[in-house]
file protein_8.pdb (PDB, C-alpha atoms)
ATOM      1  CA  MET A 331     282.013-113.522 148.215
ATOM      2  CA  THR A 332     283.430-110.899 145.863
ATOM      3  CA  LEU A 333     283.910-107.373 147.172
ATOM      4  CA  GLU A 334     283.916-104.387 144.859
ATOM      5  CA  ALA A 335     286.413-101.792 146.083
ATOM      6  CA  GLY A 336     285.944 -98.044 145.874
ATOM      7  CA  LYS A 337     287.353 -94.808 147.258
ATOM      8  CA  ALA A 338     285.493 -91.861 148.720
ATOM      9  CA  VAL A 339     286.969 -88.459 149.543
ATOM     10  CA  ALA A 340     286.071 -86.944 152.910
ATOM     11  CA  ALA A 341     285.477 -83.235 153.415
ATOM     12  CA  ASP A 342     289.098 -82.713 154.478
ATOM     13  CA  GLY A 343     290.454 -84.601 151.457
ATOM     14  CA  THR A 344     291.148 -87.881 153.269
ATOM     15  CA  ALA A 345     290.624 -90.909 151.024
ATOM     16  CA  ILE A 346     288.284 -93.489 152.572
ATOM     17  CA  ALA A 347     288.351 -97.016 151.138
ATOM     18  CA  PHE A 348     285.026 -98.819 150.950
ATOM     19  CA  GLN A 349     283.760-102.178 149.787
ATOM     20  CA  SER A 350     280.397-103.265 148.445
ATOM     21  CA  ALA A 351     278.860-106.667 147.743
ATOM     22  CA  GLY A 352     275.482-108.116 146.943
ATOM     23  CA  ASN A 353     272.392-106.490 145.510
ATOM     24  CA  GLY A 354     269.298-104.973 147.024
ATOM     25  CA  THR A 355     268.549-102.501 149.792
ATOM     26  CA  ALA A 356     271.724-100.854 151.019
ATOM     27  CA  LEU A 357     273.016-101.920 154.441
ATOM     28  CA  VAL A 358     276.064-100.166 155.886
ATOM     29  CA  LEU A 359     278.097-102.316 158.294
ATOM     30  CA  LEU A 360     280.387-100.387 160.644
ATOM     31  CA  ALA A 361     283.332-102.071 162.365
ATOM     32  CA  GLY A 362     284.892-101.578 165.761
ATOM     33  CA  GLN A 363     287.819 -99.421 166.832
ATOM     34  CA  SER A 364     291.084 -99.877 164.926
ATOM     35  CA  ASN A 365     289.503-102.434 162.598
ATOM     36  CA  THR A 366     288.942-102.656 158.873
ATOM     37  CA  HIS A 367     286.022-104.006 156.858
ATOM     38  CA  ARG A 368     287.292-107.520 157.596
ATOM     39  CA  TRP A 369     285.507-107.280 160.958
ATOM     40  CA  TRP A 370     282.414-108.306 158.958
ATOM     41  CA  ASP A 371     283.969-111.122 156.902
ATOM     42  CA  SER A 372     281.897-113.930 158.382
ATOM     43  CA  ALA A 373     278.573-112.187 158.931
ATOM     44  CA  ARG A 374     278.091-110.037 155.839
ATOM     45  CA  VAL A 375     277.227-112.979 153.586
ATOM     46  CA  ASP A 376     274.105-113.605 155.707
ATOM     47  CA  PHE A 377     272.830-110.134 154.830
ATOM     48  CA  GLU A 378     273.721-110.494 151.153
ATOM     49  CA  ASP A 379     271.930-113.847 150.986
ATOM     50  CA  ALA A 380     268.875-112.131 152.464
ATOM     51  CA  GLY A 381     268.809-109.597 149.641
ATOM     52  CA  TYR A 382     270.841-106.684 150.965
ATOM     53  CA  GLY A 383     273.647-104.852 149.261
ATOM     54  CA  THR A 384     276.314-104.482 151.949
ATOM     55  CA  ILE A 385     278.702-101.551 152.235
ATOM     56  CA  THR A 386     281.703-101.523 154.555
ATOM     57  CA  LEU A 387     284.651 -99.176 154.902
ATOM     58  CA  ASP A 388     288.139 -98.979 156.317
ATOM     59  CA  TRP A 389     288.114 -96.245 158.960
ATOM     60  CA  ARG A 390     290.594 -93.450 158.380
ATOM     61  CA  GLY A 391     293.815 -94.718 159.924
ATOM     62  CA  THR A 392     293.168 -98.328 158.888
ATOM     63  CA  GLY A 393     293.342-100.639 155.891
ATOM     64  CA  ALA A 394     293.445 -98.986 152.475
ATOM     65  CA  SER A 395     292.206 -95.613 153.747
ATOM     66  CA  ASP A 396     294.476 -92.620 154.308
ATOM     67  CA  LYS A 397     296.030 -92.361 157.765
ATOM     68  CA  PRO A 398     296.426 -88.699 158.707
ATOM     69  CA  ASP A 399     298.227 -88.113 161.992
ATOM     70  CA  GLU A 400     295.680 -85.747 163.492
ATOM     71  CA  ALA A 401     292.804 -85.915 165.933
ATOM     72  CA  TYR A 402     289.923 -88.220 164.963
ATOM     73  CA  SER A 403     286.392 -88.230 166.369
ATOM     74  CA  THR A 404     283.362 -90.483 166.118
ATOM     75  CA  ARG A 405     281.433 -87.540 164.679
ATOM     76  CA  GLU A 406     284.054 -87.094 161.960
ATOM     77  CA  PHE A 407     283.906 -90.828 161.258
ATOM     78  CA  ALA A 408     280.149 -90.391 160.699
ATOM     79  CA  ALA A 409     280.880 -87.733 158.086
ATOM     80  CA  ASP A 410     283.295 -90.186 156.449
ATOM     81  CA  VAL A 411     280.464 -92.717 156.202
ATOM     82  CA  VAL A 412     278.300 -90.137 154.441
ATOM     83  CA  ALA A 413     281.151 -89.503 151.980
ATOM     84  CA  VAL A 414     281.153 -93.245 151.285
ATOM     85  CA  LEU A 415     277.390 -93.242 150.708
ATOM     86  CA  ASP A 416     277.799 -90.340 148.289
ATOM     87  CA  ALA A 417     280.603 -92.092 146.415
ATOM     88  CA  ALA A 418     278.540 -95.286 146.229
ATOM     89  CA  GLY A 419     275.529 -93.388 144.931
ATOM     90  CA  VAL A 420     273.356 -94.388 147.895
ATOM     91  CA  ALA A 421     270.815 -91.845 149.108
ATOM     92  CA  ARG A 422     269.509 -93.836 152.099
ATOM     93  CA  ALA A 423     270.588 -97.021 153.825
ATOM     94  CA  HIS A 424     270.057 -99.180 156.851
ATOM     95  CA  VAL A 425     272.995 -98.814 159.254
ATOM     96  CA  TYR A 426     274.356-101.538 161.554
ATOM     97  CA  GLY A 427     277.191-100.326 163.752
ATOM     98  CA  THR A 428     279.028-102.419 166.328
ATOM     99  CA  SER A 429     281.347-101.331 169.133
ATOM    100  CA  MET A 430     282.969 -98.050 168.037
ATOM    101  CA  GLY A 431     280.967 -98.391 164.845
ATOM    102  CA  GLY A 432     277.866 -98.176 167.023
ATOM    103  CA  ARG A 433     279.136 -94.905 168.453
ATOM    104  CA  VAL A 434     279.638 -93.600 164.935
ATOM    105  CA  ALA A 435     276.162 -94.814 163.956
ATOM    106  CA  GLN A 436     274.676 -92.730 166.769
ATOM    107  CA  TRP A 437     276.118 -89.579 165.203
ATOM    108  CA  LEU A 438     274.977 -90.672 161.768
ATOM    109  CA  ALA A 439     271.413 -90.908 163.022
ATOM    110  CA  VAL A 440     271.624 -87.505 164.719
ATOM    111  CA  ASP A 441     273.507 -85.500 162.095
ATOM    112  CA  TYR A 442     272.250 -87.167 158.914
ATOM    113  CA  PRO A 443     268.744 -88.502 159.646
ATOM    114  CA  GLU A 444     267.779 -88.176 155.983
ATOM    115  CA  ARG A 445     270.368 -90.818 155.066
ATOM    116  CA  ILE A 446     269.209 -93.560 157.461
ATOM    117  CA  ASP A 447     266.220 -95.881 157.288
ATOM    118  CA  ALA A 448     266.674 -98.306 160.209
ATOM    119  CA  LEU A 449     269.450 -98.334 162.802
ATOM    120  CA  VAL A 450     271.050-101.248 164.649
ATOM    121  CA  LEU A 451     273.451-100.522 167.500
ATOM    122  CA  GLY A 452     275.491-103.523 168.596
ATOM    123  CA  CYS A 453     277.774-103.991 171.641
ATOM    124  CA  THR A 454     278.184-100.247 171.965
ATOM    125  CA  SER A 455     277.951 -97.394 174.464
ATOM    126  CA  PRO A 456     276.536 -93.868 174.710
ATOM    127  CA  GLY A 457     279.923 -92.685 175.935
ATOM    128  CA  GLY A 458     280.593 -89.903 178.407
ATOM    129  CA  PRO A 459     279.985 -89.881 182.148
ATOM    130  CA  HIS A 460     276.697 -91.797 181.880
ATOM    131  CA  ALA A 461     278.268 -94.832 180.209
ATOM    132  CA  ILE A 462     279.197 -97.974 182.122
ATOM    133  CA  GLU A 463     282.951 -98.369 181.782
ATOM    134  CA  ARG A 464     284.770-101.687 181.680
ATOM    135  CA  ASP A 465     286.224-102.826 184.976
ATOM    136  CA  ARG A 466     289.699-101.665 185.951
ATOM    137  CA  SER A 467     290.938-105.255 185.924
ATOM    138  CA  VAL A 468     289.987-105.513 182.250
ATOM    139  CA  ARG A 469     291.899-102.351 181.406
ATOM    140  CA  GLN A 470     294.940-103.555 183.347
ATOM    141  CA  ALA A 471     294.943-106.937 181.619
ATOM    142  CA  LEU A 472     294.796-105.293 178.190
ATOM    143  CA  ALA A 473     297.654-102.938 179.093
ATOM    144  CA  GLN A 474     299.984-105.551 180.602
ATOM    145  CA  ALA A 475     303.600-105.679 179.447
ATOM    146  CA  ASP A 476     303.287-109.265 178.200
ATOM    147  CA  ARG A 477     301.758-108.466 174.801
ATOM    148  CA  ALA A 478     301.077-112.106 173.927
ATOM    149  CA  ALA A 479     299.072-112.486 177.123
ATOM    150  CA  ALA A 480     297.253-109.213 176.448
ATOM    151  CA  ASP A 481     296.393-110.325 172.921
ATOM    152  CA  ARG A 482     295.064-113.629 174.207
ATOM    153  CA  TYR A 483     292.987-111.817 176.812
ATOM    154  CA  LEU A 484     291.495-109.601 174.087
ATOM    155  CA  LEU A 485     290.443-112.696 172.164
ATOM    156  CA  GLU A 486     288.795-114.053 175.299
ATOM    157  CA  LEU A 487     286.861-110.800 175.650
ATOM    158  CA  MET A 488     285.599-111.277 172.114
ATOM    159  CA  TYR A 489     284.799-115.013 172.112
ATOM    160  CA  THR A 490     283.872-117.805 174.493
ATOM    161  CA  PRO A 491     286.523-120.416 175.374
ATOM    162  CA  ALA A 492     284.570-123.099 173.507
ATOM    163  CA  TRP A 493     284.527-121.056 170.317
ATOM    164  CA  LEU A 494     288.240-120.262 170.544
ATOM    165  CA  ALA A 495     289.029-123.933 171.072
ATOM    166  CA  ALA A 496     287.164-124.819 167.889
ATOM    167  CA  HIS A 497     288.376-121.915 165.733
ATOM    168  CA  GLN A 498     292.085-121.339 165.265
ATOM    169  CA  GLY A 499     291.790-118.043 163.393
ATOM    170  CA  PRO A 500     292.720-115.822 161.755
ATOM    171  CA  TYR A 501     290.711-113.415 163.875
ATOM    172  CA  TYR A 502     289.597-110.206 162.199
ATOM    173  CA  VAL A 503     288.037-108.437 165.176
ATOM    174  CA  VAL A 504     291.184-107.682 167.183
ATOM    175  CA  GLY A 505     292.511-104.756 165.157
ATOM    176  CA  ASP A 506     294.268-104.024 161.890
ATOM    177  CA  PRO A 507     297.761-105.548 162.299
ATOM    178  CA  GLU A 508     299.249-103.076 159.818
ATOM    179  CA  MET A 509     297.775 -99.986 161.451
ATOM    180  CA  PRO A 510     300.404 -97.403 162.497
ATOM    181  CA  ALA A 511     300.815 -96.946 166.240
ATOM    182  CA  TYR A 512     299.876 -93.273 166.034
ATOM    183  CA  ALA A 513     296.614 -94.145 164.289
ATOM    184  CA  LYS A 514     295.769 -96.688 167.000
ATOM    185  CA  GLY A 515     296.190 -93.901 169.527
ATOM    186  CA  ARG A 516     293.953 -91.623 167.481
ATOM    187  CA  HIS A 517     291.246 -94.293 167.347
ATOM    188  CA  LEU A 518     291.486 -94.951 171.070
ATOM    189  CA  ALA A 519     291.089 -91.242 171.805
ATOM    190  CA  ALA A 520     288.158 -90.857 169.391
ATOM    191  CA  SER A 521     286.281 -93.753 170.942
ATOM    192  CA  GLY A 522     287.104 -92.647 174.473
ATOM    193  CA  LYS A 523     285.885 -89.078 173.892
ATOM    194  CA  HIS A 524     282.574 -90.159 172.394
ATOM    195  CA  ASP A 525     279.581 -88.751 174.264
ATOM    196  CA  ALA A 526     276.183 -88.827 172.537
ATOM    197  CA  TRP A 527     274.079 -89.030 175.694
ATOM    198  CA  ASP A 528     272.380 -85.647 175.261
ATOM    199  CA  VAL A 529     271.518 -86.206 171.595
ATOM    200  CA  LEU A 530     270.312 -89.823 171.691
ATOM    201  CA  PRO A 531     266.688 -88.704 172.264
ATOM    202  CA  MET A 532     266.925 -86.896 168.901
ATOM    203  CA  ILE A 533     267.289 -90.158 166.984
ATOM    204  CA  ALA A 534     264.161 -90.679 164.902
ATOM    205  CA  ALA A 535     265.189 -93.806 162.999
ATOM    206  CA  PRO A 536     263.664 -97.119 164.136
ATOM    207  CA  THR A 537     266.385 -98.529 166.385
ATOM    208  CA  LEU A 538     267.376-101.969 167.606
ATOM    209  CA  VAL A 539     269.995-102.347 170.349
ATOM    210  CA  VAL A 540     271.820-105.712 170.469
ATOM    211  CA  HIS A 541     274.348-106.892 173.050
ATOM    212  CA  GLY A 542     275.814-110.105 174.434
ATOM    213  CA  THR A 543     274.913-110.902 178.031
ATOM    214  CA  ASP A 544     278.545-111.800 178.836
ATOM    215  CA  ASP A 545     280.234-108.760 177.304
ATOM    216  CA  VAL A 546     282.662-107.215 179.800
ATOM    217  CA  PHE A 547     284.750-105.456 177.154
ATOM    218  CA  ASN A 548     281.863-103.058 176.550
ATOM    219  CA  PRO A 549     279.620-103.897 179.511
ATOM    220  CA  THR A 550     276.148-105.173 178.735
ATOM    221  CA  ALA A 551     274.650-102.584 181.093
ATOM    222  CA  ASN A 552     275.154 -99.983 178.363
ATOM    223  CA  ALA A 553     272.471-101.621 176.205
ATOM    224  CA  PRO A 554     269.472-100.647 178.382
ATOM    225  CA  LEU A 555     270.924 -97.162 178.850
ATOM    226  CA  ILE A 556     270.915 -96.595 175.086
ATOM    227  CA  THR A 557     267.523 -98.240 174.649
ATOM    228  CA  GLU A 558     265.931 -95.980 177.240
ATOM    229  CA  ARG A 559     267.415 -92.829 175.654
ATOM    230  CA  ILE A 560     266.270 -93.474 172.063
ATOM    231  CA  PRO A 561     262.526 -93.097 171.471
ATOM    232  CA  GLU A 562     260.788 -96.456 170.903
ATOM    233  CA  ALA A 563     264.084 -98.344 170.633
ATOM    234  CA  ARG A 564     264.033-102.114 171.190
ATOM    235  CA  MET A 565     266.675-104.248 172.865
ATOM    236  CA  VAL A 566     267.745-107.854 172.350
ATOM    237  CA  LEU A 567     270.342-109.508 174.605
ATOM    238  CA  ILE A 568     272.036-112.623 173.263
ATOM    239  CA  GLU A 569     272.560-115.139 176.030
ATOM    240  CA  GLY A 570     276.150-116.228 176.627
ATOM    241  CA  ALA A 571     277.641-113.950 173.973
ATOM    242  CA  ARG A 572     280.720-111.804 174.458
ATOM    243  CA  HIS A 573     281.803-108.754 172.467
ATOM    244  CA  ALA A 574     281.976-110.415 169.033
ATOM    245  CA  TYR A 575     278.424-111.757 169.320
ATOM    246  CA  PHE A 576     277.763-110.945 165.630
ATOM    247  CA  ASP A 577     280.449-113.463 164.634
ATOM    248  CA  GLU A 578     280.306-116.315 167.143
ATOM    249  CA  PHE A 579     276.524-116.106 167.565
ATOM    250  CA  ARG A 580     275.717-115.115 164.001
ATOM    251  CA  ASP A 581     273.093-117.865 163.759
ATOM    252  CA  VAL A 582     271.180-116.034 166.498
ATOM    253  CA  ALA A 583     272.148-112.408 165.891
ATOM    254  CA  GLY A 584     271.743-112.510 162.119
ATOM    255  CA  PRO A 585     268.062-113.520 162.127
ATOM    256  CA  VAL A 586     267.315-111.008 164.924
ATOM    257  CA  VAL A 587     268.759-108.145 162.891
ATOM    258  CA  LEU A 588     267.261-109.349 159.603
ATOM    259  CA  GLY A 589     263.845-109.622 161.208
ATOM    260  CA  PHE A 590     264.087-106.058 162.469
ATOM    261  CA  LEU A 591     265.290-104.694 159.117
ATOM    262  CA  ALA A 592     262.485-106.507 157.297
ATOM    263  CA  GLU A 593     259.976-104.430 159.257
ATOM    264  CA  HIS A 594     261.446-101.221 157.873
TER     265      HIS A 594
END
call {"tool": "encode", "arguments": {"input": "protein_8.pdb", "output": "structure tokens"}}
result
Amino acid sequence: MTLEAGKAVAADGTAIAFQSAGNGTALVLLAGQSNTHRWWDSARVDFEDAGYGTITLDWRGTGASDKPDEAYSTREFAADVVAVLDAAGVARAHVYGTSMGGRVAQWLAVDYPERIDALVLGCTSPGGPHAIERDRSVRQALAQADRAAADRYLLELMYTPAWLAAHQGPYYVVGDPEMPAYAKGRHLAASGKHDAWDVLPMIAAPTLVVHGTDDVFNPTANAPLITERIPEARMVLIEGARHAYFDEFRDVAGPVVLGFLAEH
């Protein structure tokens, strides 16, 4: 897989790195919090093989994008995605956002409906007081002083024990290792302040909600909440999958998403 690199310029002048591959209908793939385009390394080839031209980006604060030390928001990230579409010469695209990328995709569909054909929201949350938050024990384990233990716990939130035993890494869904600490804090705050509950009913794009049944990092109970708020949205739960369902269960999740996109 060969990625073609590009740079977009956001409204505030921030440079946003993006990557494109494949040919065909444009499909934007949005990564999780504090992650780069490498979040999609394993899965994107399935979409390219199916005839889609994939577009990813490095969120501001990560990868090859600029890293301003100022407040970020999921709504601003959505505007960054539009800047990428403009730089890539893409008028409309399918959008598949996972985790924080799913939060960003919600704002894309609300603020820029003319740029989206079909929408897929994976392992994500509506945010705000209506969202189902992860259990306190999960938060405590991630914040523990033993960073090696915390990192291992994060991997176990992403993947099943069997998958981890069979795959020794590297793992590209646990954050950009070169990301500055201040930028990690900015991402955490942006994701934590997300609240699209009131505007979800405004989403007009055909929408598919996907989630793993065993996701406790972003609890599965958020999937039906989102599905019920978006008109005519559909939901698919992937049995036994944790947060990184799109990677470990790509042989299940990929066809589900491709089947939905083919309808639109």
call {"tool": "resolve_selection", "arguments": {"input": "protein_8.pdb", "expression": "the PyMOL selection byres ((chain A and resi 460) around 9)", "output": "PyMOL selection string"}}
result
chain A and resi 456-459+461-462+525+527+555
call {"tool": "atom_distance", "arguments": {"input": "protein_8.pdb", "atom1": "CA of Leu591 (chain A)", "atom2": "CA of Met488 (chain A)"}}
result
25.0 Å
call {"tool": "resolve_selection", "arguments": {"input": "protein_8.pdb", "expression": "the PyMOL selection byres ((chain A and resi 398) around 10)", "output": "MDAnalysis selection string"}}
result
chainID A and resid 344:345 390:391 395:397 399:402 512:513 516
call {"tool": "residues_around", "arguments": {"input": "protein_8.pdb", "residues": "Thr386 (chain A)", "least_positions_apart": "3", "cutoff": "10 Å", "atoms": "all atoms listed in the file", "output": "list of chain:residue names"}}
result
A:Leu333, A:Ala335, A:Ala347, A:Phe348, A:Gln349, A:Ser350, A:Ala351, A:Leu357, A:Val358, A:Leu359, A:Leu360, A:Ala361, A:Thr366, A:His367, A:Arg368, A:Trp369, A:Trp370, A:Arg374, A:Trp389, A:Val411, A:Val414
call {"tool": "residues_near_point", "arguments": {"input": "protein_8.pdb", "point": "(283.5, -91.9, 172.2)", "cutoff": "9 Å", "atoms": "only C-alpha atoms", "output": "PyMOL selection string"}}
result
chain A and resi 403-405+430+433-434+455-458+518-526
call {"tool": "residues_around", "arguments": {"input": "protein_8.pdb", "residues": "Ala495 (chain A)", "least_positions_apart": "4", "cutoff": "12 Å", "atoms": "all atoms listed in the file", "output": "compact mmCIF listing (two decimals) with C-alpha atoms, keeping the file's coordinate frame"}}
result
# COMPACT_ATOMS: atom_id res chain seq x y z
CA LEU A 485 290.44 -112.70 172.16
CA GLU A 486 288.80 -114.05 175.30
CA TYR A 489 284.80 -115.01 172.11
CA THR A 490 283.87 -117.80 174.49
CA PRO A 491 286.52 -120.42 175.37
CA GLY A 499 291.79 -118.04 163.39
call {"tool": "closest_atom_pairs", "arguments": {"input": "protein_8.pdb", "of": "region 365-475 of chain A", "to": "region 563-579 of chain A", "cutoff": "10 Å", "atoms": "only C-alpha atoms", "output": "Markdown table"}}
result
| residue | atom | partner | partner_atom | distance |
| --- | --- | --- | --- | --- |
| A:Trp369 | CA | A:Asp577 | CA | 8.8 |
| A:Trp370 | CA | A:Asp577 | CA | 7.9 |
| A:Asp371 | CA | A:Asp577 | CA | 8.8 |
| A:Ser372 | CA | A:Asp577 | CA | 6.4 |
| A:Ala373 | CA | A:Asp577 | CA | 6.1 |
| A:Arg374 | CA | A:Asp577 | CA | 9.7 |
| A:Thr428 | CA | A:Phe576 | CA | 8.6 |
| A:Ser429 | CA | A:His573 | CA | 8.2 |
| A:Leu449 | CA | A:Ala563 | CA | 9.5 |
| A:Val450 | CA | A:Ala563 | CA | 9.6 |
| A:Leu451 | CA | A:Met565 | CA | 9.4 |
| A:Gly452 | CA | A:Phe576 | CA | 8.3 |
| A:Cys453 | CA | A:His573 | CA | 6.3 |
| A:Thr454 | CA | A:His573 | CA | 9.3 |
call {"tool": "write_last_selection", "arguments": {"input": "protein_8.pdb", "atoms": "C-alpha atoms", "output": "short mmCIF file (atom, residue, chain, number, x, y, z; two decimals), in the frame of the given file"}}
result
data_model
loop_
_atom_site.label_atom_id
_atom_site.label_comp_id
_atom_site.auth_asym_id
_atom_site.auth_seq_id
_atom_site.Cartn_x
_atom_site.Cartn_y
_atom_site.Cartn_z
CA TRP A 369 285.51 -107.28 160.96
CA TRP A 370 282.41 -108.31 158.96
CA ASP A 371 283.97 -111.12 156.90
CA SER A 372 281.90 -113.93 158.38
CA ALA A 373 278.57 -112.19 158.93
CA ARG A 374 278.09 -110.04 155.84
CA THR A 428 279.03 -102.42 166.33
CA SER A 429 281.35 -101.33 169.13
CA LEU A 449 269.45 -98.33 162.80
CA VAL A 450 271.05 -101.25 164.65
CA LEU A 451 273.45 -100.52 167.50
CA GLY A 452 275.49 -103.52 168.60
CA CYS A 453 277.77 -103.99 171.64
CA THR A 454 278.18 -100.25 171.96
#
call {"tool": "build_atoms", "arguments": {"input": "protein_8.pdb", "residues": "region 578-586 of chain A", "atoms": "all heavy atoms", "output": "PDB file, keeping the file's coordinate frame"}}
result
ATOM      1  N   GLU A 578     280.499-115.012 166.510  1.00  0.00           N
ATOM      2  CA  GLU A 578     280.306-116.315 167.143  1.00  0.00           C
ATOM      3  C   GLU A 578     278.837-116.737 167.182  1.00  0.00           C
ATOM      4  O   GLU A 578     278.514-117.910 166.982  1.00  0.00           O
ATOM      5  CB  GLU A 578     280.874-116.293 168.568  1.00  0.00           C
ATOM      6  CG  GLU A 578     280.686-117.606 169.298  1.00  0.00           C
ATOM      7  CD  GLU A 578     281.324-117.631 170.677  1.00  0.00           C
ATOM      8  OE1 GLU A 578     281.973-116.630 171.062  1.00  0.00           O
ATOM      9  OE2 GLU A 578     281.175-118.649 171.372  1.00  0.00           O
ATOM     10  N   PHE A 579     277.949-115.806 167.439  1.00  0.00           N
ATOM     11  CA  PHE A 579     276.524-116.106 167.565  1.00  0.00           C
ATOM     12  C   PHE A 579     275.746-115.600 166.355  1.00  0.00           C
ATOM     13  O   PHE A 579     274.595-115.196 166.488  1.00  0.00           O
ATOM     14  CB  PHE A 579     275.966-115.494 168.855  1.00  0.00           C
ATOM     15  CG  PHE A 579     276.425-116.183 170.108  1.00  0.00           C
ATOM     16  CD1 PHE A 579     277.711-115.976 170.606  1.00  0.00           C
ATOM     17  CD2 PHE A 579     275.598-117.057 170.793  1.00  0.00           C
ATOM     18  CE1 PHE A 579     278.148-116.607 171.770  1.00  0.00           C
ATOM     19  CE2 PHE A 579     276.017-117.695 171.960  1.00  0.00           C
ATOM     20  CZ  PHE A 579     277.303-117.477 172.448  1.00  0.00           C
ATOM     21  N   ARG A 580     276.364-115.659 165.196  1.00  0.00           N
ATOM     22  CA  ARG A 580     275.717-115.115 164.001  1.00  0.00           C
ATOM     23  C   ARG A 580     274.428-115.846 163.660  1.00  0.00           C
ATOM     24  O   ARG A 580     273.518-115.248 163.079  1.00  0.00           O
ATOM     25  CB  ARG A 580     276.675-115.150 162.800  1.00  0.00           C
ATOM     26  CG  ARG A 580     277.175-116.510 162.421  1.00  0.00           C
ATOM     27  CD  ARG A 580     278.170-116.472 161.282  1.00  0.00           C
ATOM     28  NE  ARG A 580     277.513-116.422 159.978  1.00  0.00           N
ATOM     29  CZ  ARG A 580     278.094-116.828 158.853  1.00  0.00           C
ATOM     30  NH1 ARG A 580     279.338-117.286 158.879  1.00  0.00           N
ATOM     31  NH2 ARG A 580     277.448-116.766 157.715  1.00  0.00           N
ATOM     32  N   ASP A 581     274.321-117.127 164.045  1.00  0.00           N
ATOM     33  CA  ASP A 581     273.093-117.865 163.759  1.00  0.00           C
ATOM     34  C   ASP A 581     271.923-117.372 164.600  1.00  0.00           C
ATOM     35  O   ASP A 581     270.755-117.614 164.257  1.00  0.00           O
ATOM     36  CB  ASP A 581     273.300-119.363 163.973  1.00  0.00           C
ATOM     37  CG  ASP A 581     273.712-119.719 165.394  1.00  0.00           C
ATOM     38  OD1 ASP A 581     274.312-118.858 166.074  1.00  0.00           O
ATOM     39  OD2 ASP A 581     273.439-120.847 165.836  1.00  0.00           O
ATOM     40  N   VAL A 582     272.219-116.660 165.672  1.00  0.00           N
ATOM     41  CA  VAL A 582     271.180-116.034 166.498  1.00  0.00           C
ATOM     42  C   VAL A 582     271.043-114.551 166.135  1.00  0.00           C
ATOM     43  O   VAL A 582     269.940-114.057 165.885  1.00  0.00           O
ATOM     44  CB  VAL A 582     271.512-116.169 167.995  1.00  0.00           C
ATOM     45  CG1 VAL A 582     270.467-115.450 168.850  1.00  0.00           C
ATOM     46  CG2 VAL A 582     271.609-117.635 168.385  1.00  0.00           C
ATOM     47  N   ALA A 583     272.170-113.855 166.116  1.00  0.00           N
ATOM     48  CA  ALA A 583     272.148-112.408 165.891  1.00  0.00           C
ATOM     49  C   ALA A 583     271.693-112.046 164.487  1.00  0.00           C
ATOM     50  O   ALA A 583     270.938-111.075 164.304  1.00  0.00           O
ATOM     51  CB  ALA A 583     273.542-111.831 166.144  1.00  0.00           C
ATOM     52  N   GLY A 584     272.121-112.816 163.492  1.00  0.00           N
ATOM     53  CA  GLY A 584     271.743-112.510 162.119  1.00  0.00           C
ATOM     54  C   GLY A 584     270.237-112.478 161.915  1.00  0.00           C
ATOM     55  O   GLY A 584     269.688-111.476 161.429  1.00  0.00           O
ATOM     56  N   PRO A 585     269.519-113.525 162.280  1.00  0.00           N
ATOM     57  CA  PRO A 585     268.062-113.520 162.127  1.00  0.00           C
ATOM     58  C   PRO A 585     267.379-112.410 162.931  1.00  0.00           C
ATOM     59  O   PRO A 585     266.368-111.851 162.496  1.00  0.00           O
ATOM     60  CB  PRO A 585     267.646-114.904 162.626  1.00  0.00           C
ATOM     61  CG  PRO A 585     268.841-115.777 162.344  1.00  0.00           C
ATOM     62  CD  PRO A 585     270.019-114.882 162.624  1.00  0.00           C
ATOM     63  N   VAL A 586     267.897-112.090 164.123  1.00  0.00           N
ATOM     64  CA  VAL A 586     267.315-111.008 164.924  1.00  0.00           C
ATOM     65  C   VAL A 586     267.395-109.690 164.159  1.00  0.00           C
ATOM     66  O   VAL A 586     266.409-108.950 164.049  1.00  0.00           O
ATOM     67  CB  VAL A 586     268.039-110.896 166.271  1.00  0.00           C
ATOM     68  CG1 VAL A 586     267.701-109.568 166.957  1.00  0.00           C
ATOM     69  CG2 VAL A 586     267.651-112.049 167.189  1.00  0.00           C
TER      70      VAL A 586
END
